[in-house]
Each structure stands twice: as structure tokens, then as C-alpha cells.
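One structure is given here, and the rest of the page talks about it.
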Amino acid sequence: MDEKEKNGGHEAETNYEPPAKRYIRIKPFSLVMLIFGLVLATAAVTFFALTTGEDKVVEVVSPQNPTTDRKEFKKLYEAYDEMKKTYYNEIDESAVIDGAINGMIEALGDPFSDYLNEKEARQLTESISSSFEGIGAEIQELNGYINIVSPIKNSPAERAGLLPNDLIIAVDGKSIQGMSSSEAVLLIRGKKGTTVTLSVRRGEMGEPFDVKIVRDVIPIETVYAEMLDNNIAHIHITSFSEHTYEELLAALDEMEKQGMEGLIMDVRQNPGGMLNTAIDISDLFVEKDKNLFQYEGKGNNPEVYVASDGRKVKVPVTLIIDDGSASASEILAGALKESANVPLIGIKTYGKGTVQTPKDLPDGSNLKLTTAKWLTPDGNWIHEKGIEPDIEVPYPSYAMLPFLDPSMEMKEGMVSPAIKTAEEMLSAVGYDPGEIDGLFDQTTETAVLELQKALSLKEDGVLVGDTTYGLMNELRNKIQEEDPQLLKAKEVLMEQIKK
């Protein structure tokens with residue numbers, strides 16, 4: 001209570017003080033609000049003084065948005081806004097943005113960098129799982145065309161006769177020239193049991209030919225081992241996937257149990273895969289502290305990776321390579337050639353000396369960019385050059401023959417390039433077609449009749465359907481049984497074992 005209430009409402013100055021000691025009594029809340037107001041007023045005056053007039057001290061700007069205010073993208077935003085405002089039809093914003101990103105990637109001129117939209121990224125994830133459905137071939141975009149790096153072992157693509165460096169011109173009659181590899185994959189891959197027709201060109205001057213392939217489940221089994229005669233083991237690695245190292249260790253254990261005295265490693269038509277897997281496998285063949293390979297990231301000096309003191313293969317080794325051996329296969333080849341003195345047999349490798357790193361974007365899409373280059377143990381960059389074999393052994397000419405369309409009927413009196421190919425195949429597998437000139441004459445018909453008899457097929461002298469498939473299977477068996485590169489690798493190993 002205050003003094004007024006004590007005295008019936010009248011003020012009584014019972015405690016007089018001199019003027020110098022008088023003070024103003026203010027409630028706490030009012031005092032706080034007064035101070036807050038003074039602070040605001042002071043700040044406003046200061047802001048006005050600093051930012052107005054000719055002698056202003058600072059210039060106030062709105063906060064920059066790093067996503068939209070970057071000067072290098074001004075033209076892109078202007079083009080997008082203009083398109084959205086004036087284009088006569090509605091635009092698919094997602095497709096336009098994907099196209100812009102693809103355009104930036106293509107401008108790099110790097111066939112190994114790629115952008116995958118959400119759907120394509122899901123397919124990438126699927127392809128590195130236990131299995132996927134399709135034709136089973138590693139592809140890449142090359143100079144506007146889709147190039148086969150390598151078919152997967154025992155895949156529909158391999159059975160159909162597709163080879164490294166074949167160019168796919170069209171899929172089911174639709175031209176794919178200018179498409180990215182991701183776009184092409186969407187057309188080529190499909191459900192098990194469905195058929196896809198690829199128009200393929202083999203060789204610079206070759207005429208395109210159609211290949212019908214029935215899609216199937218493609219198992220991701222990457223290591224195949226067999227014991228040849230004289231206790232020579234043959235291990236074929238088809239790709240460097242997540243579990244390849246463990247598969248290889250199991251194969252080596254099995255071969256050692258069977259008395260392995262020499263080892264033929266085989267990375268023909270192996271398009272590569274995971275970098276760490278290639279390093280781990282290379283380590284099995286290189287002495288401790290010797291170089292495995294070198295990794296050179298952007299703006300950095302090469303980082304040298306050296307072999308550990310872990311498990312080592314202790315028998316003589318050779319490595320078979322070809323033009324389908326790429327990337328991780330070449331890391332292994334470089335390590336064995338330069339740090340382990342392992343002889344390389346076959347033909348020059350593909351020549352891919354870069355490393356790609358995938359990055360998932362927030363919407364589920366994926367950006368795969370070349371982030372580094374790798375060098376051989378001695379510091380050689382083999383990109384677009386490849387690795388030369390120590391002993392060159394080319395494929396026989398018949399191994400490069402184009403696929404024959406089983407639906408195309410060939411019989412006496414007909415003339416075509418396909419018939420010339422068939423004559424070359426017949427000759428290679430031991431049936432005399434006469435002069436190899438593309439004319440299906442009586443001698444050619446006799447050769448076809450002999451083939452049909454050997455295969456227990458209807459003997460009508462017409463090359464079509466099962467007869468065509470039978471001819472190509474005979475040729476494939478000959479290539480496998482009379483593999484000149486494998487035979488040479490065995491010969492080299494036997495010489496080393498005898499020393």
C-alpha cells in the first residue's frame with residue numbers, strides 16, 4: 001500500500017527530503033521497456049547515418065543465395081525462364097533439368113562421366129546386386145555411338161556372338177546414335193524371355209547386321225576356375241565386383257587342393273569394376289612394398305599404393321589380356337607386368353586410365369564423374385593407349401566373324417555378304433563350302449547338308465533356324481577348344497615350371 005491510502009486519500013509529507021535527494025519511482029517492467037526502446041532508437045539512427053547520403057560508410061545488400069545467385073548460371077536461368085514463359089506448350093520441368101545436367105556432362109567430352117536420373121540410378125543399383133535381367137554386356141558411349149566394351153561370360157550377349165568394339169547402331173529399329181550409355185541401357189535391358197533386336201556394325205567399313213537376343217537373368221558370378229592338364233590352373237575373372245576377391249581366394253584354395261603347379265590368370269573381355277577389388281587382387285601377385293599402382297586426384301601428386309605382406313600366389317603365373325580388358329583389368333595387368341615380371345599374353349588392352357566416383361543426389365538420381373587418373377607402378381598413364389602384351393597372340397580371323405541371323409534363309413542360287421560369312425564359318429569348322437565368294441552354290445549346299453547330318457538336323461541343304469544356330473555353336477566350340485592365347489599361356493608356363 002502507498003501513503004495516500006493510509007491517510008484517507010490525502011497526501012501527507014511526513015518524510016520530507018531535500019530536492020537533491022529526490023528520485024523518480026518507476027515500476028520494473030516500465031524500466032525494461034524504456035531501455036529496450038532507447039536501444040532500438042539508437043540502432044535506427046546509426047543505421048540511417050551509415051547507409052544514406054553521399055558519405056555513407058557501408059552498403060547493405062540482401063543475403064546471397066549460393067544456389068541461384070552464382071553469376072556463371074545467369075544465362076542458364078534466363079534461358080530457362082524464357083523457355084518457360086514463351087514456349088508454346090507445357091514443358092516437363094524434370095526432363096528439362098535432366099537434359100541440362102546431361103548437357104553439362106557431355107560438354108566434358110568424357111565418355112566415362114555420366115548422369116543417371118532416378119530411374120536409371122535404380123537400374124545401376126540393380127546391376128551390382130546378385131543378378132539382373134538383360135543381355136549381359138558392358139557398354140559405353142563413344143563418339144556418338146554405343147560401343148560394346150565386353151560381353152559378360154555365359155551371357156545372352158556372348159552366346160549371340162557380340163564382341164568387344166562392336167557398335168550398336170539401333171535397338172528394335174530405333175536409332176540410338178547420340179544417346180548416352182544410360183539412355184541406351186533403358187532400351188537394351190528388359191525382362192527375362194523378351195527379345196531385343198540390335199543393329200550392330202563390326203569394323204569401320206562393315207555393313208550393319210541385326211542380332212536378335214533373348215534376354216535372360218544375368219548372374220553376377222565373376223570367377224571361373226578349371227584345372228587343365230599338367231596341373232595348370234586357369235582362372236578367368238569376368239569383372240571386378242564386390243565379392244570377386246573372395247571368389248578368387250576360394251578358387252585358389254580349390255586349385256591348390258588339386259595340385260596347382262602353374263596359374264593362368266585370364267581377364268579377357270573383362271571391362272573392369274571396383275578399384276579396391278583390383279588393388280586387393282593385384283596384391284596377391286606382388287611382393288611386399290613393391291608398387292601396385294598410383295592414384296592421382298585433382299590437383300594432387302600421385303599417391304603410390306604398395307603391396308602388403310599378406311597372402312601371395314607362389315606358383316608361376318601368366319596373364320591373358322585382350323582389347324576387352326579395361327580399367328581394373330588394366331590395373332592388374334600393369335601391376336603384374338611392371339612389379340611381378342608376369343608375362344602378358346594376347347593383344348593390347350582397351351586403354352582406360354581414369355577413375356569414376358558415383359554420388360547420389362537428394363532426389364535419388366546419380367552423378368558419376370571422373371575424379372582421378374591412375375598410373376601403372378612405374379608411373380605410366382595408359383589412357384587411350386592400352387597395355388601391350390609381352391607376347392602378342394591375335395585372335396584367329398574366324399573369331400571375328402559377324403553374327404548370322406537365324407531367321408534369314410540362305411539356299412542355293414542366293415548371293416549376299418551373309419552367305420560369305422556363312423562360308424567362312426563352314427570352312428573354319430571343317431566343312432568345305434567351295435570358293436568363299438558369297439554365292440550359295442552346290443558345293444555350299446553340300447557343306448550345309450554335311451553339317452545338318454552331323455548335328456542330327458533335317459537334311460535339306462538350307463541354312464536357316466536351327467542349322468544356323470548349330471553352325472555358330474560349332475564355331476564357338478572351336479574358338480574355345482583351340483584358344484591360341486590360352487595355348488600360348490600354357491606353353492610359357494610349362495617352360496617356367498621346367499626351369
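Letters A, B, ... go to the chains of the C-alpha cells in the order shown; residues in each chain start at 1; ligands are counted from 1 in the same order.
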
Tell me, as an MDAnalysis selection string, which residues lie within 10 Å of Gly430 in chain A, counting only C-alpha atoms; anything in the same chain fewer than 3 positions away does not count.
chainID A and resid 425:427 433 447 451 474:475

Non-local contacts of range 233-245 of chain A (8 Å; only C-alpha atoms; under 4 positions in same chain excluded) as a PyMOL selection string:
chain A and resi 128+152-153+222-228+249+251+255+260-275+277-278+280-281+328-329

Range 130-241 of chain A: residues DSSP assigns to strand (DSSP E or B), reported as a PyMOL selection string
chain A and resi 131-134+137-142+145-151+167-171+174-175+195-201+209-214+216-219+223-227+232-237+240

Just to be explicit: take each residue in the selection above, keep C-alpha atoms, and write the result as a tab-separated table (two decimals), in the first residue's frame.
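Saved file again.tsv follows:
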chain	number	residue	atom	x	y	z
A	131	SER	CA	21.63	-60.62	-60.62
A	132	PHE	CA	19.75	-58.56	-63.18
A	133	GLU	CA	17.82	-59.21	-66.37
A	134	GLY	CA	19.07	-58.19	-69.79
A	137	ALA	CA	27.12	-56.62	-71.97
A	138	GLU	CA	29.19	-53.70	-70.72
A	139	ILE	CA	28.64	-50.68	-72.98
A	140	GLN	CA	29.81	-47.09	-73.22
A	141	GLU	CA	29.15	-44.08	-75.41
A	142	LEU	CA	31.96	-43.49	-77.90
A	145	TYR	CA	27.76	-44.39	-80.80
A	146	ILE	CA	27.19	-47.09	-78.21
A	147	ASN	CA	30.24	-49.31	-78.09
A	148	ILE	CA	30.40	-52.77	-76.53
A	149	VAL	CA	33.33	-52.86	-74.11
A	150	SER	CA	32.78	-56.52	-73.38
A	151	PRO	CA	30.02	-59.14	-73.18
A	167	LEU	CA	28.95	-50.66	-82.32
A	168	ILE	CA	25.22	-50.80	-81.59
A	169	ILE	CA	23.53	-48.64	-84.22
A	170	ALA	CA	19.87	-49.24	-83.33
A	171	VAL	CA	17.68	-51.08	-80.82
A	174	LYS	CA	15.20	-47.22	-83.25
A	175	SER	CA	18.45	-45.37	-83.86
A	195	THR	CA	13.59	-60.40	-77.30
A	196	VAL	CA	15.58	-57.37	-78.36
A	197	THR	CA	17.00	-56.79	-81.84
A	198	LEU	CA	20.30	-54.94	-82.02
A	199	SER	CA	21.64	-53.48	-85.25
A	200	VAL	CA	25.39	-53.94	-84.97
A	201	ARG	CA	28.35	-52.75	-87.01
A	209	PHE	CA	23.72	-56.64	-89.26
A	210	ASP	CA	20.85	-57.49	-86.93
A	211	VAL	CA	21.25	-59.66	-83.85
A	212	LYS	CA	18.16	-60.98	-82.07
A	213	ILE	CA	18.86	-61.70	-78.42
A	214	VAL	CA	16.54	-63.27	-75.86
A	216	ASP	CA	17.82	-63.64	-69.50
A	217	VAL	CA	18.85	-63.40	-65.85
A	218	ILE	CA	22.49	-62.34	-65.74
A	219	PRO	CA	24.19	-63.83	-62.66
A	223	VAL	CA	35.40	-66.03	-61.16
A	224	TYR	CA	35.58	-69.27	-63.17
A	225	ALA	CA	38.29	-71.82	-62.37
A	226	GLU	CA	39.33	-75.06	-64.05
A	227	MET	CA	42.31	-77.39	-63.82
A	232	ILE	CA	48.00	-75.83	-64.86
A	233	ALA	CA	45.11	-73.89	-63.34
A	234	HIS	CA	43.09	-71.48	-65.49
A	235	ILE	CA	41.15	-68.78	-63.63
A	236	HIS	CA	39.02	-66.37	-65.62
A	237	ILE	CA	37.87	-63.16	-63.91
A	240	PHE	CA	35.93	-56.78	-60.54

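Considering only C-alpha atoms, the residue among A:Val429, A:Glu450, A:Lys75, A:Pro111 positioned nearest to Glu481 in chain A is A:Val429.
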
Tell me, in Å to one decimal, how far CA of Val313 in chain A is from CA of Lys385 in chain A.
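So the two atoms, CA of Val313 in chain A and CA of Lys385 in chain A, lie 29.0 Å apart.
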